[in-house]
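Have a look at start.txt below; it lists compact mmCIF, C-alpha atoms and all ligand atoms.
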# COMPACT_ATOMS: atom_id res chain seq x y z
CA MET Q 1 3.75 17.03 15.14
CA GLU Q 2 4.06 13.72 16.98
CA ASN Q 3 3.97 10.20 15.66
CA LYS Q 4 0.38 8.96 16.03
CA LYS Q 5 -0.81 5.36 15.65
CA GLU Q 6 -4.16 6.61 14.30
CA MET Q 7 -2.43 7.87 11.14
CA ARG Q 8 -1.89 4.27 10.02
CA GLN Q 9 -5.23 2.87 11.16
CA TRP Q 10 -6.82 3.13 7.71
CA LEU Q 11 -4.09 0.90 6.29
CA VAL Q 12 -4.58 -1.63 9.09
CA ASP Q 13 -8.33 -1.59 8.34
CA PHE Q 14 -7.59 -2.51 4.73
CA GLY Q 15 -6.38 -5.85 6.13
CA LEU Q 16 -4.03 -6.44 3.22
CA ASN Q 17 -1.72 -9.44 3.22
CA HIS Q 18 0.60 -7.69 0.79
CA PRO Q 19 1.80 -4.09 0.34
CA LEU Q 20 -0.90 -1.63 -0.69
CA VAL Q 21 -0.78 -1.38 -4.48
CA ILE Q 22 -2.18 1.66 -6.26
CA GLY Q 23 -2.25 1.13 -10.03
CA GLY Q 24 -3.77 2.83 -13.04
CA PRO Q 25 -2.96 5.35 -15.73
CA CYS Q 26 -1.11 8.62 -15.27
CA SER Q 27 -4.14 10.37 -16.78
CA ALA Q 28 -7.74 9.46 -17.43
CA GLU Q 29 -7.99 9.90 -21.22
CA THR Q 30 -11.32 8.39 -22.30
CA GLU Q 31 -14.06 6.46 -20.53
CA GLU Q 32 -13.14 3.37 -22.52
CA GLN Q 33 -9.44 3.62 -21.55
CA VAL Q 34 -10.22 4.14 -17.86
CA LEU Q 35 -12.58 1.15 -17.69
CA LYS Q 36 -10.44 -1.17 -19.84
CA ILE Q 37 -7.36 -0.75 -17.60
CA ALA Q 38 -9.46 -1.07 -14.44
CA HIS Q 39 -10.96 -4.37 -15.58
CA GLU Q 40 -7.51 -5.73 -16.41
CA LEU Q 41 -6.29 -4.84 -12.91
CA LYS Q 42 -9.29 -5.93 -10.89
CA GLU Q 43 -8.09 -9.51 -10.23
CA SER Q 44 -4.59 -8.43 -9.17
CA ASP Q 45 -2.89 -7.11 -6.03
CA VAL Q 46 -4.12 -3.65 -7.00
CA THR Q 47 -6.55 -2.38 -4.35
CA VAL Q 48 -6.75 1.25 -5.39
CA TYR Q 49 -7.21 2.54 -8.95
CA ARG Q 50 -5.46 5.80 -9.75
CA ALA Q 51 -6.08 8.21 -12.64
CA GLY Q 52 -5.18 11.88 -12.91
CA ILE Q 53 -8.14 14.08 -13.88
CA TRP Q 54 -6.38 17.44 -13.57
CA LYS Q 55 -2.77 17.21 -14.74
CA PRO Q 56 -0.07 19.68 -13.73
CA ARG Q 57 2.16 20.03 -16.81
CA THR Q 58 5.52 21.72 -17.07
CA LYS Q 59 4.63 23.66 -20.23
CA PRO Q 60 1.34 25.10 -21.46
CA GLY Q 61 -0.33 23.52 -24.46
CA MET Q 62 0.15 19.94 -23.27
CA PHE Q 63 -2.71 17.61 -22.26
CA GLU Q 64 -3.97 18.98 -18.94
CA GLY Q 65 -6.44 16.28 -18.07
CA VAL Q 66 -10.08 15.64 -18.97
CA GLY Q 67 -11.40 17.48 -15.91
CA ALA Q 68 -14.51 16.72 -13.86
CA ILE Q 69 -16.04 14.34 -16.42
CA GLY Q 70 -13.31 11.85 -15.46
CA LEU Q 71 -14.76 11.63 -11.96
CA LYS Q 72 -17.86 9.93 -13.42
CA TRP Q 73 -15.58 7.38 -15.08
CA LEU Q 74 -13.87 6.67 -11.75
CA LYS Q 75 -17.29 6.17 -10.16
CA LYS Q 76 -18.02 3.58 -12.86
CA VAL Q 77 -14.71 1.86 -12.11
CA LYS Q 78 -15.74 1.51 -8.48
CA ASP Q 79 -19.21 0.19 -9.35
CA GLU Q 80 -17.99 -2.29 -11.98
CA THR Q 81 -14.78 -3.59 -10.37
CA GLY Q 82 -15.01 -2.89 -6.64
CA LEU Q 83 -11.62 -1.15 -6.76
CA LEU Q 84 -11.19 1.92 -4.58
CA THR Q 85 -10.37 5.08 -6.52
CA ALA Q 86 -7.76 7.83 -6.19
CA THR Q 87 -7.00 11.09 -7.95
CA GLU Q 88 -4.85 14.20 -7.53
CA VAL Q 89 -6.35 17.41 -6.15
CA ALA Q 90 -4.60 20.77 -6.38
CA ASN Q 91 -7.15 23.35 -5.19
CA LYS Q 92 -10.45 23.77 -3.33
CA ASN Q 93 -12.54 23.24 -6.45
CA HIS Q 94 -10.84 19.88 -7.12
CA VAL Q 95 -11.39 18.83 -3.51
CA ASP Q 96 -15.09 19.69 -3.58
CA LEU Q 97 -15.68 17.87 -6.87
CA ALA Q 98 -13.69 14.78 -5.86
CA ILE Q 99 -15.57 14.45 -2.57
CA GLU Q 100 -18.92 15.07 -4.28
CA ASN Q 101 -18.13 12.25 -6.69
CA ASP Q 102 -17.08 9.87 -3.92
CA VAL Q 103 -13.40 9.40 -4.80
CA ASP Q 104 -11.90 7.32 -1.95
CA ILE Q 105 -8.34 8.60 -1.78
CA LEU Q 106 -7.13 12.08 -2.73
CA TRP Q 107 -3.46 12.76 -3.22
CA ILE Q 108 -1.59 16.03 -3.30
CA GLY Q 109 0.98 16.27 -6.08
CA ALA Q 110 4.64 17.22 -5.81
CA ARG Q 111 4.00 20.64 -7.37
CA SER Q 112 1.38 21.44 -4.74
CA THR Q 113 3.28 20.20 -1.68
CA VAL Q 114 5.97 22.83 -2.42
CA SER Q 115 3.47 25.64 -1.97
CA PRO Q 116 2.33 26.41 1.60
CA PHE Q 117 -0.56 28.55 0.28
CA ILE Q 118 -1.89 25.71 -1.88
CA MET Q 119 -1.38 23.18 0.91
CA GLN Q 120 -3.32 25.36 3.32
CA GLU Q 121 -6.13 25.91 0.81
CA ILE Q 122 -6.43 22.16 0.31
CA ALA Q 123 -6.27 21.46 4.06
CA ASP Q 124 -9.02 24.03 4.71
CA ALA Q 125 -11.20 22.55 1.97
CA LEU Q 126 -10.71 19.07 3.42
CA GLU Q 127 -11.21 20.08 7.09
CA GLY Q 128 -12.54 17.13 9.07
CA THR Q 129 -12.89 14.77 6.09
CA ASP Q 130 -12.65 11.02 6.68
CA LYS Q 131 -11.17 10.47 3.20
CA ILE Q 132 -7.65 9.11 3.01
CA ILE Q 133 -5.21 11.84 1.99
CA LEU Q 134 -1.76 11.06 0.60
CA VAL Q 135 0.89 13.73 0.28
CA LYS Q 136 3.59 13.41 -2.36
CA ASN Q 137 7.02 14.74 -1.51
CA PRO Q 138 7.67 18.29 -2.78
CA VAL Q 139 9.72 18.54 -5.99
CA ASN Q 140 12.68 19.89 -4.02
CA PRO Q 141 14.42 17.75 -1.38
CA ASP Q 142 12.99 19.64 1.58
CA LEU Q 143 11.98 17.35 4.42
CA ALA Q 144 10.44 20.11 6.53
CA LEU Q 145 8.18 21.25 3.68
CA TRP Q 146 6.91 17.70 3.17
CA LEU Q 147 6.17 17.22 6.86
CA GLY Q 148 4.73 20.74 7.04
CA GLY Q 149 2.14 19.68 4.45
CA ILE Q 150 1.14 16.68 6.56
CA GLU Q 151 0.98 18.88 9.64
CA ARG Q 152 -1.42 21.31 7.95
CA LEU Q 153 -3.75 18.39 7.19
CA TYR Q 154 -3.42 16.95 10.66
CA LYS Q 155 -4.31 20.32 12.15
CA ALA Q 156 -7.41 20.36 9.94
CA ASN Q 157 -8.56 17.21 11.80
CA ILE Q 158 -7.67 14.82 9.03
CA ASN Q 159 -6.05 11.70 10.39
CA LYS Q 160 -6.18 9.13 7.61
CA LEU Q 161 -2.85 10.20 6.19
CA GLY Q 162 0.06 8.84 4.22
CA LEU Q 163 3.08 9.89 2.20
CA ILE Q 164 4.09 9.14 -1.36
CA HIS Q 165 7.80 9.19 -2.16
CA ARG Q 166 8.13 10.17 -5.86
CA GLY Q 167 11.70 11.46 -5.92
CA PHE Q 168 13.21 14.95 -6.18
CA SER Q 169 14.19 17.27 -9.04
CA THR Q 170 17.84 17.86 -9.78
CA TYR Q 171 19.44 20.22 -12.26
CA GLU Q 172 22.03 17.67 -13.25
CA LYS Q 173 20.50 14.80 -15.17
CA THR Q 174 20.85 11.37 -13.58
CA LYS Q 175 19.47 8.04 -14.74
CA PHE Q 176 16.34 8.90 -12.74
CA ARG Q 177 13.67 11.38 -13.74
CA ASN Q 178 13.50 12.35 -10.06
CA ASN Q 179 16.36 11.40 -7.78
CA PRO Q 180 15.16 9.08 -5.00
CA GLU Q 181 17.33 10.57 -2.19
CA TRP Q 182 16.40 7.55 -0.08
CA GLN Q 183 17.81 9.14 3.09
CA ILE Q 184 14.86 11.59 3.16
CA PRO Q 185 12.04 9.00 3.36
CA ILE Q 186 14.22 6.92 5.71
CA GLU Q 187 14.47 9.89 8.05
CA VAL Q 188 10.70 10.45 7.85
CA LYS Q 189 10.12 6.77 8.66
CA ASN Q 190 12.39 7.04 11.70
CA ARG Q 191 10.55 10.07 13.02
CA PHE Q 192 7.02 8.98 12.07
CA PRO Q 193 6.99 5.17 11.95
CA ASP Q 194 3.17 5.15 11.88
CA LEU Q 195 2.80 7.44 8.89
CA PRO Q 196 2.28 5.06 5.94
CA MET Q 197 4.95 5.45 3.25
CA ILE Q 198 4.20 4.55 -0.35
CA CYS Q 199 6.77 4.52 -3.13
CA ASP Q 200 6.00 5.83 -6.62
CA PRO Q 201 8.69 4.17 -8.76
CA SER Q 202 7.03 5.49 -11.95
CA HIS Q 203 7.81 9.15 -11.25
CA ILE Q 204 11.17 8.36 -9.63
CA SER Q 205 12.38 6.45 -12.67
CA GLY Q 206 10.63 8.10 -15.59
CA ARG Q 207 11.31 4.83 -17.48
CA ARG Q 208 9.58 1.51 -17.20
CA ASP Q 209 12.70 -0.68 -17.10
CA LEU Q 210 13.72 0.70 -13.68
CA ILE Q 211 10.38 0.22 -11.96
CA PHE Q 212 11.01 -3.28 -10.67
CA ASP Q 213 14.34 -2.45 -8.99
CA ILE Q 214 13.04 0.72 -7.34
CA SER Q 215 9.98 -1.13 -6.08
CA GLN Q 216 12.16 -3.87 -4.61
CA ALA Q 217 14.40 -1.29 -2.93
CA ALA Q 218 11.29 0.29 -1.37
CA LEU Q 219 9.99 -3.04 -0.08
CA ASP Q 220 13.43 -3.83 1.34
CA LEU Q 221 13.14 -0.55 3.27
CA ASN Q 222 9.79 -1.65 4.71
CA TYR Q 223 7.56 0.70 2.70
CA ASP Q 224 3.83 0.14 3.08
CA GLY Q 225 2.90 0.28 -0.57
CA LEU Q 226 3.58 1.12 -4.19
CA MET Q 227 1.92 3.42 -6.69
CA ILE Q 228 2.66 2.27 -10.23
CA GLU Q 229 1.34 3.89 -13.41
CA SER Q 230 -0.26 1.44 -15.77
CA HIS Q 231 -1.79 1.91 -19.23
CA TRP Q 232 -3.10 -0.61 -21.74
CA ASP Q 233 -1.06 1.08 -24.51
CA PRO Q 234 1.81 2.81 -22.65
CA ASP Q 235 3.65 4.14 -25.69
CA ASN Q 236 0.57 6.03 -26.81
CA ALA Q 237 -0.41 7.39 -23.40
CA TRP Q 238 -1.29 11.10 -23.39
CA SER Q 239 1.11 11.75 -20.50
CA ASP Q 240 4.16 9.99 -19.01
CA ALA Q 241 4.30 7.44 -21.84
CA LYS Q 242 7.86 6.27 -21.12
CA GLN Q 243 7.20 5.23 -17.54
CA GLN Q 244 3.88 3.40 -17.77
CA VAL Q 245 3.61 -0.40 -17.86
CA THR Q 246 0.81 -2.57 -19.17
CA PRO Q 247 -1.56 -4.12 -16.62
CA SER Q 248 -0.09 -7.56 -17.32
CA ARG Q 249 3.44 -6.27 -16.69
CA LEU Q 250 2.26 -4.68 -13.44
CA ILE Q 251 0.79 -8.01 -12.34
CA GLU Q 252 4.07 -9.75 -13.23
CA ILE Q 253 6.11 -7.15 -11.29
CA MET Q 254 3.97 -7.71 -8.22
CA LYS Q 255 4.42 -11.47 -8.53
CA ASP Q 256 8.21 -11.23 -8.78
CA LEU Q 257 8.79 -8.70 -5.99
CA LYS Q 258 10.00 -10.16 -2.72
CA VAL Q 259 8.07 -8.89 0.25
CA ARG Q 260 10.31 -9.01 3.31
CA LYS Q 261 8.95 -9.90 6.70
CA LYS Q 262 8.85 -6.80 8.90
CA THR Q 263 10.58 -8.80 11.61
CA THR Q 264 10.80 -12.41 12.83
CA ASP Q 265 10.88 -14.15 16.18
CA GLU Q 266 13.19 -16.89 15.06
CA GLU Q 267 15.91 -17.31 17.71
CA SER Q 268 18.92 -18.02 15.53
CA TYR Q 269 18.12 -15.06 13.29
CA LYS Q 270 17.91 -12.81 16.34
CA GLN Q 271 21.20 -14.08 17.73
CA GLN Q 272 23.04 -13.56 14.46
CA LEU Q 273 21.53 -10.11 14.08
CA ASN Q 274 22.52 -9.13 17.62
CA ASN Q 275 26.02 -10.31 17.03
CA LEU Q 276 26.34 -8.31 13.80
CA ARG Q 277 24.79 -5.24 15.41
CA ALA Q 278 27.30 -5.46 18.26
CA GLN Q 279 30.07 -5.37 15.64
CA ILE Q 280 28.48 -2.30 14.05
CA ASP Q 281 28.33 -0.59 17.45
CA VAL Q 282 32.04 -1.21 18.01
CA ALA Q 283 32.90 0.05 14.54
CA ASP Q 284 30.80 3.19 15.12
CA GLN Q 285 32.61 3.90 18.38
CA THR Q 286 35.96 3.55 16.62
CA LEU Q 287 34.77 5.89 13.89
CA LEU Q 288 33.75 8.50 16.47
CA ASP Q 289 37.06 8.22 18.33
CA THR Q 290 38.98 8.61 15.06
CA LEU Q 291 36.90 11.61 13.99
CA GLY Q 292 37.43 13.25 17.40
CA LYS Q 293 41.16 12.70 17.13
CA ARG Q 294 41.30 14.07 13.61
CA MET Q 295 39.48 17.24 14.65
CA ARG Q 296 41.83 17.76 17.59
CA VAL Q 297 44.77 17.64 15.20
CA ALA Q 298 42.94 20.03 12.84
CA ASN Q 299 42.58 22.41 15.78
CA GLU Q 300 46.32 22.29 16.44
CA ILE Q 301 46.97 23.06 12.78
CA GLY Q 302 44.56 25.98 13.15
CA VAL Q 303 46.62 27.36 16.03
CA LEU Q 304 49.81 26.96 14.00
CA LYS Q 305 48.27 28.69 10.96
CA LYS Q 306 47.08 31.54 13.14
CA SER Q 307 50.48 32.18 14.66
CA ASN Q 308 51.98 32.19 11.14
CA ASN Q 309 49.06 34.14 9.62
CA VAL Q 310 48.42 31.47 6.92
CA ALA Q 311 45.09 30.91 5.08
CA VAL Q 312 42.88 28.04 6.28
CA LEU Q 313 42.17 26.48 2.89
CA GLN Q 314 45.16 24.83 1.24
CA ASN Q 315 43.74 23.47 -2.04
CA LYS Q 316 46.78 21.53 -3.17
CA ARG Q 317 47.06 19.57 0.06
CA TRP Q 318 43.33 18.87 0.08
CA ASN Q 319 43.26 17.54 -3.49
CA GLU Q 320 46.16 15.23 -2.67
CA ILE Q 321 44.28 13.82 0.32
CA LEU Q 322 41.10 13.30 -1.68
CA GLY Q 323 42.88 11.52 -4.56
CA LYS Q 324 44.62 9.20 -2.14
CA MET Q 325 41.45 8.43 -0.21
CA ILE Q 326 39.53 7.58 -3.39
CA LEU Q 327 42.24 5.10 -4.41
CA GLU Q 328 42.49 3.54 -0.98
CA GLY Q 329 38.72 3.50 -0.65
CA GLU Q 330 38.51 1.41 -3.81
CA GLU Q 331 40.68 -1.26 -2.21
CA ARG Q 332 38.14 -1.42 0.62
CA ASP Q 333 35.18 -1.63 -1.74
CA LEU Q 334 34.06 1.93 -0.95
CA SER Q 335 32.67 3.88 -3.90
CA GLU Q 336 34.21 7.15 -5.06
CA GLU Q 337 30.85 8.85 -4.54
CA PHE Q 338 30.78 7.75 -0.89
CA ILE Q 339 34.40 8.70 -0.20
CA LEU Q 340 33.83 12.15 -1.71
CA LYS Q 341 30.74 12.72 0.44
CA VAL Q 342 32.36 11.60 3.68
CA PHE Q 343 35.66 13.40 3.22
CA LYS Q 344 34.05 16.60 2.01
CA ALA Q 345 31.98 16.64 5.20
CA ILE Q 346 35.05 15.95 7.36
CA HIS Q 347 37.04 18.62 5.54
CA GLN Q 348 34.25 21.16 5.98
CA GLU Q 349 34.17 20.48 9.72
CA SER Q 350 37.96 20.97 9.95
CA ILE Q 351 37.69 24.26 8.07
CA ASN Q 352 34.91 25.44 10.39
CA LYS Q 353 37.03 24.64 13.42
CA GLN Q 354 40.13 26.37 12.02
CA GLU Q 355 38.08 29.41 10.98
CA LYS Q 356 36.94 29.76 14.56
CA ILE Q 357 40.47 29.59 15.86
CA LEU Q 358 41.81 32.08 13.30
CA ASN Q 359 39.11 34.59 14.09
CA LYS Q 360 39.14 34.20 17.85
C1 LIG Q 401 1.11 11.87 -11.14
O1 LIG Q 401 1.02 11.10 -10.17
O2 LIG Q 401 0.71 11.60 -12.27
C2 LIG Q 401 1.83 13.15 -10.94
C3 LIG Q 401 1.56 14.23 -11.64
O3 LIG Q 401 2.78 13.02 -10.03
P1 LIG Q 401 3.79 14.06 -9.33
O4 LIG Q 401 2.96 15.00 -8.54
O5 LIG Q 401 4.58 13.11 -8.49
O6 LIG Q 401 4.62 14.69 -10.42
MN MN Q 402 2.29 10.70 -14.19

Is it possible to express this structure as structure tokens?
Amino acid sequence: MENKKEMRQWLVDFGLNHPLVIGGPCSAETEEQVLKIAHELKESDVTVYRAGIWKPRTKPGMFEGVGAIGLKWLKKVKDETGLLTATEVANKNHVDLAIENDVDILWIGARSTVSPFIMQEIADALEGTDKIILVKNPVNPDLALWLGGIERLYKANINKLGLIHRGFSTYEKTKFRNNPEWQIPIEVKNRFPDLPMICDPSHISGRRDLIFDISQAALDLNYDGLMIESHWDPDNAWSDAKQQVTPSRLIEIMKDLKVRKKTTDEESYKQQLNNLRAQIDVADQTLLDTLGKRMRVANEIGVLKKSNNVAVLQNKRWNEILGKMILEGEERDLSEEFILKVFKAIHQESINKQEKILNK
């Protein structure tokens, strides 16, 4: 798939002077709840009203959504408030019903993007639609699977497309419900700068007190929009209670977020930036030279180990290096996490090189 300007045209047509904001409850619960929240959000930056009608739940027996009746409530939202509407679809039946009931934006949830069969079924059902389709990242950090989902839609002649970054599952518990793994959406943005990218801080965080910071991080990375779950009584929501914010809190968050300019023509800014970038370029060259030199030495060690028939991996030596690097990294304001990542990668490359030599 290539980057195509037409993928972002729908967003341009919206003519927003702020990021696209999608707000509304995790789930549609009752007609009264759906309309009450919509009315509270109608005079805000929210342009699109979200509500899940069919809810994918981890365990059976939980609230699985009100079903098709909720589509009538969304229609009412549109008529009464002028907000556009959005809901999740996970199979052909959902697609047909959502289109029949004039939902404006359909999104594909994280548990559907993981499944090529489901993605294909949805793409086939949507073939040629002019609805806007947003694809959430799959639950696992698999860039190709995410882009594969978009490609299936694109091949089905759907070109009003966008992505929603909602974070990735991990076995180890972190402070996030779903780890953001920012490098994945950053890579997508590099490869497909015209594919709109929306951040869902609600599902990344799983808790309402982190939503502001994640939203700001997304705007700092030039995201095109935010999807934030909002409920008039968050603690008593039927799903995702911990991460929802009241409409008034959502309005406050939007007011406090700093929207960065995409770029500026100001001369002095450009000069300073060029100067700093030149310094980065020099530092990167030095890094490359140093890495090359280190690998050449590793090769020589490989030759020496081979002629003495010694194993490649020497754990004691490696642990000493790591410990020392963590301490020295601290003095240079480099986090332990970063040092571990970098040196593990360097070490792995040395091992690969020595393996080759030993087995030549
Ligand atoms: C949702 O948006 O309510 C939802 C179920 O999200 P996800 O697919 O990201 O889990
Ligand atoms: Mn939710």

Give as a list in words each residue that has an atom at most 8 Å from (1.5, 18.1, -5.3) in the file, counting all atoms listed in the file. Glu88, Val89, Ala90, Trp107, Ile108, Gly109, Ala110, Arg111, Ser112, Thr113, Val114, Val135, Lys136, Asn137 and Pro138 of chain Q

Separation of atom CA of Asp240 of chain Q and atom CA of Asp213 of chain Q, in Å?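 Computed distance, atom CA of Asp240 of chain Q to atom CA of Asp213 of chain Q, equals 18.9 Å.
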
Pick from Q:Trp232, Q:Leu106, Q:Glu2, Q:Thr81, whichever lies nearest to Lys36 of chain Q using all atoms listed in the file: Q:Trp232

Which value, in Å to one decimal, gives the distance between atom CA of Val66 of chain Q and atom CA of Ser27 of chain Q?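 Separation of atom CA of Val66 of chain Q and atom CA of Ser27 of chain Q: 8.2 Å.
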
Can you work out which one of Q:Thr87, Q:Asn3, Q:Asn178, Q:Thr30 has the shortest atom-to-atom distance to His231 of chain Q, counting only C-alpha atoms?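 For His231 of chain Q, the nearest of the given residues is Q:Thr30.
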
Neighbouring residues of ligand MN 402 (chain Q) are defined here as those with any atom at most 9 Å from a ligand atom, counting all atoms listed in the file; list them as a PyMOL selection string. chain Q and resi 25-27+51-52+55+202-203+206+229+239-241+243-244

Selection: 12 Å around Asp142 of chain Q, only C-alpha atoms, excl. self and same-chain fewer than 4 positions, as a list of chain:residue names: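 Near neighbours after the sequence-gap exclusion: Q:Ala110, Q:Thr113, Q:Val114, Q:Ser115, Q:Lys136, Q:Asn137, Q:Pro138, Q:Trp146, Q:Leu147, Q:Gly148, Q:Gly149, Q:Gly167, Q:Phe168, Q:Ser169, Q:Glu181, Q:Gln183, Q:Ile184, Q:Pro185, Q:Glu187, Q:Val188.
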
Write a file of the just-selected residues containing C-alpha atoms, as a PDB file, in the frame of the given file.
ATOM      1  CA  ALA Q 110       4.640  17.220  -5.810  1.00  0.00           C
ATOM      2  CA  THR Q 113       3.280  20.200  -1.680  1.00  0.00           C
ATOM      3  CA  VAL Q 114       5.970  22.830  -2.420  1.00  0.00           C
ATOM      4  CA  SER Q 115       3.470  25.640  -1.970  1.00  0.00           C
ATOM      5  CA  LYS Q 136       3.590  13.410  -2.360  1.00  0.00           C
ATOM      6  CA  ASN Q 137       7.020  14.740  -1.510  1.00  0.00           C
ATOM      7  CA  PRO Q 138       7.670  18.290  -2.780  1.00  0.00           C
ATOM      8  CA  TRP Q 146       6.910  17.700   3.170  1.00  0.00           C
ATOM      9  CA  LEU Q 147       6.170  17.220   6.860  1.00  0.00           C
ATOM     10  CA  GLY Q 148       4.730  20.740   7.040  1.00  0.00           C
ATOM     11  CA  GLY Q 149       2.140  19.680   4.450  1.00  0.00           C
ATOM     12  CA  GLY Q 167      11.700  11.460  -5.920  1.00  0.00           C
ATOM     13  CA  PHE Q 168      13.210  14.950  -6.180  1.00  0.00           C
ATOM     14  CA  SER Q 169      14.190  17.270  -9.040  1.00  0.00           C
ATOM     15  CA  GLU Q 181      17.330  10.570  -2.190  1.00  0.00           C
ATOM     16  CA  GLN Q 183      17.810   9.140   3.090  1.00  0.00           C
ATOM     17  CA  ILE Q 184      14.860  11.590   3.160  1.00  0.00           C
ATOM     18  CA  PRO Q 185      12.040   9.000   3.360  1.00  0.00           C
ATOM     19  CA  GLU Q 187      14.470   9.890   8.050  1.00  0.00           C
ATOM     20  CA  VAL Q 188      10.700  10.450   7.850  1.00  0.00           C
TER      21      VAL Q 188
END

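The coordinates place atom CA of Leu20 of chain Q at 19.8 Å from atom CA of Lys4 of chain Q.
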
Point out the residue among Q:Gly225, Q:Pro56, Q:Pro201, Q:Pro247 with the least atom-to-atom distance to ligand LIG 401 (chain Q), counting all atoms listed in the file.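 Closest to ligand LIG 401 (chain Q), using all atoms listed in the file: Q:Pro56.
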
Non-local contacts of Glu349 of chain Q (12 Å; all atoms listed in the file; under 4 positions in same chain excluded) as a count of residues only: 15

What's the 10 Å shell around Ile150 of chain Q, counting only C-alpha atoms, without same-chain residues fewer than 3 positions away, as a JSON list (two decimals) with C-alpha atoms, in the coordinates of the input?
[["chain", "number", "residue", "atom", "x", "y", "z"],
["Q", 1, "MET", "CA", 3.75, 17.03, 15.14],
["Q", 113, "THR", "CA", 3.28, 20.20, -1.68],
["Q", 119, "MET", "CA", -1.38, 23.18, 0.91],
["Q", 123, "ALA", "CA", -6.27, 21.46, 4.06],
["Q", 133, "ILE", "CA", -5.21, 11.84, 1.99],
["Q", 134, "LEU", "CA", -1.76, 11.06, 0.60],
["Q", 135, "VAL", "CA", 0.89, 13.73, 0.28],
["Q", 136, "LYS", "CA", 3.59, 13.41, -2.36],
["Q", 144, "ALA", "CA", 10.44, 20.11, 6.53],
["Q", 145, "LEU", "CA", 8.18, 21.25, 3.68],
["Q", 146, "TRP", "CA", 6.91, 17.70, 3.17],
["Q", 147, "LEU", "CA", 6.17, 17.22, 6.86],
["Q", 153, "LEU", "CA", -3.75, 18.39, 7.19],
["Q", 154, "TYR", "CA", -3.42, 16.95, 10.66],
["Q", 155, "LYS", "CA", -4.31, 20.32, 12.15],
["Q", 156, "ALA", "CA", -7.41, 20.36, 9.94],
["Q", 158, "ILE", "CA", -7.67, 14.82, 9.03],
["Q", 159, "ASN", "CA", -6.05, 11.70, 10.39],
["Q", 161, "LEU", "CA", -2.85, 10.20, 6.19],
["Q", 162, "GLY", "CA", 0.06, 8.84, 4.22],
["Q", 163, "LEU", "CA", 3.08, 9.89, 2.20],
["Q", 195, "LEU", "CA", 2.80, 7.44, 8.89]]
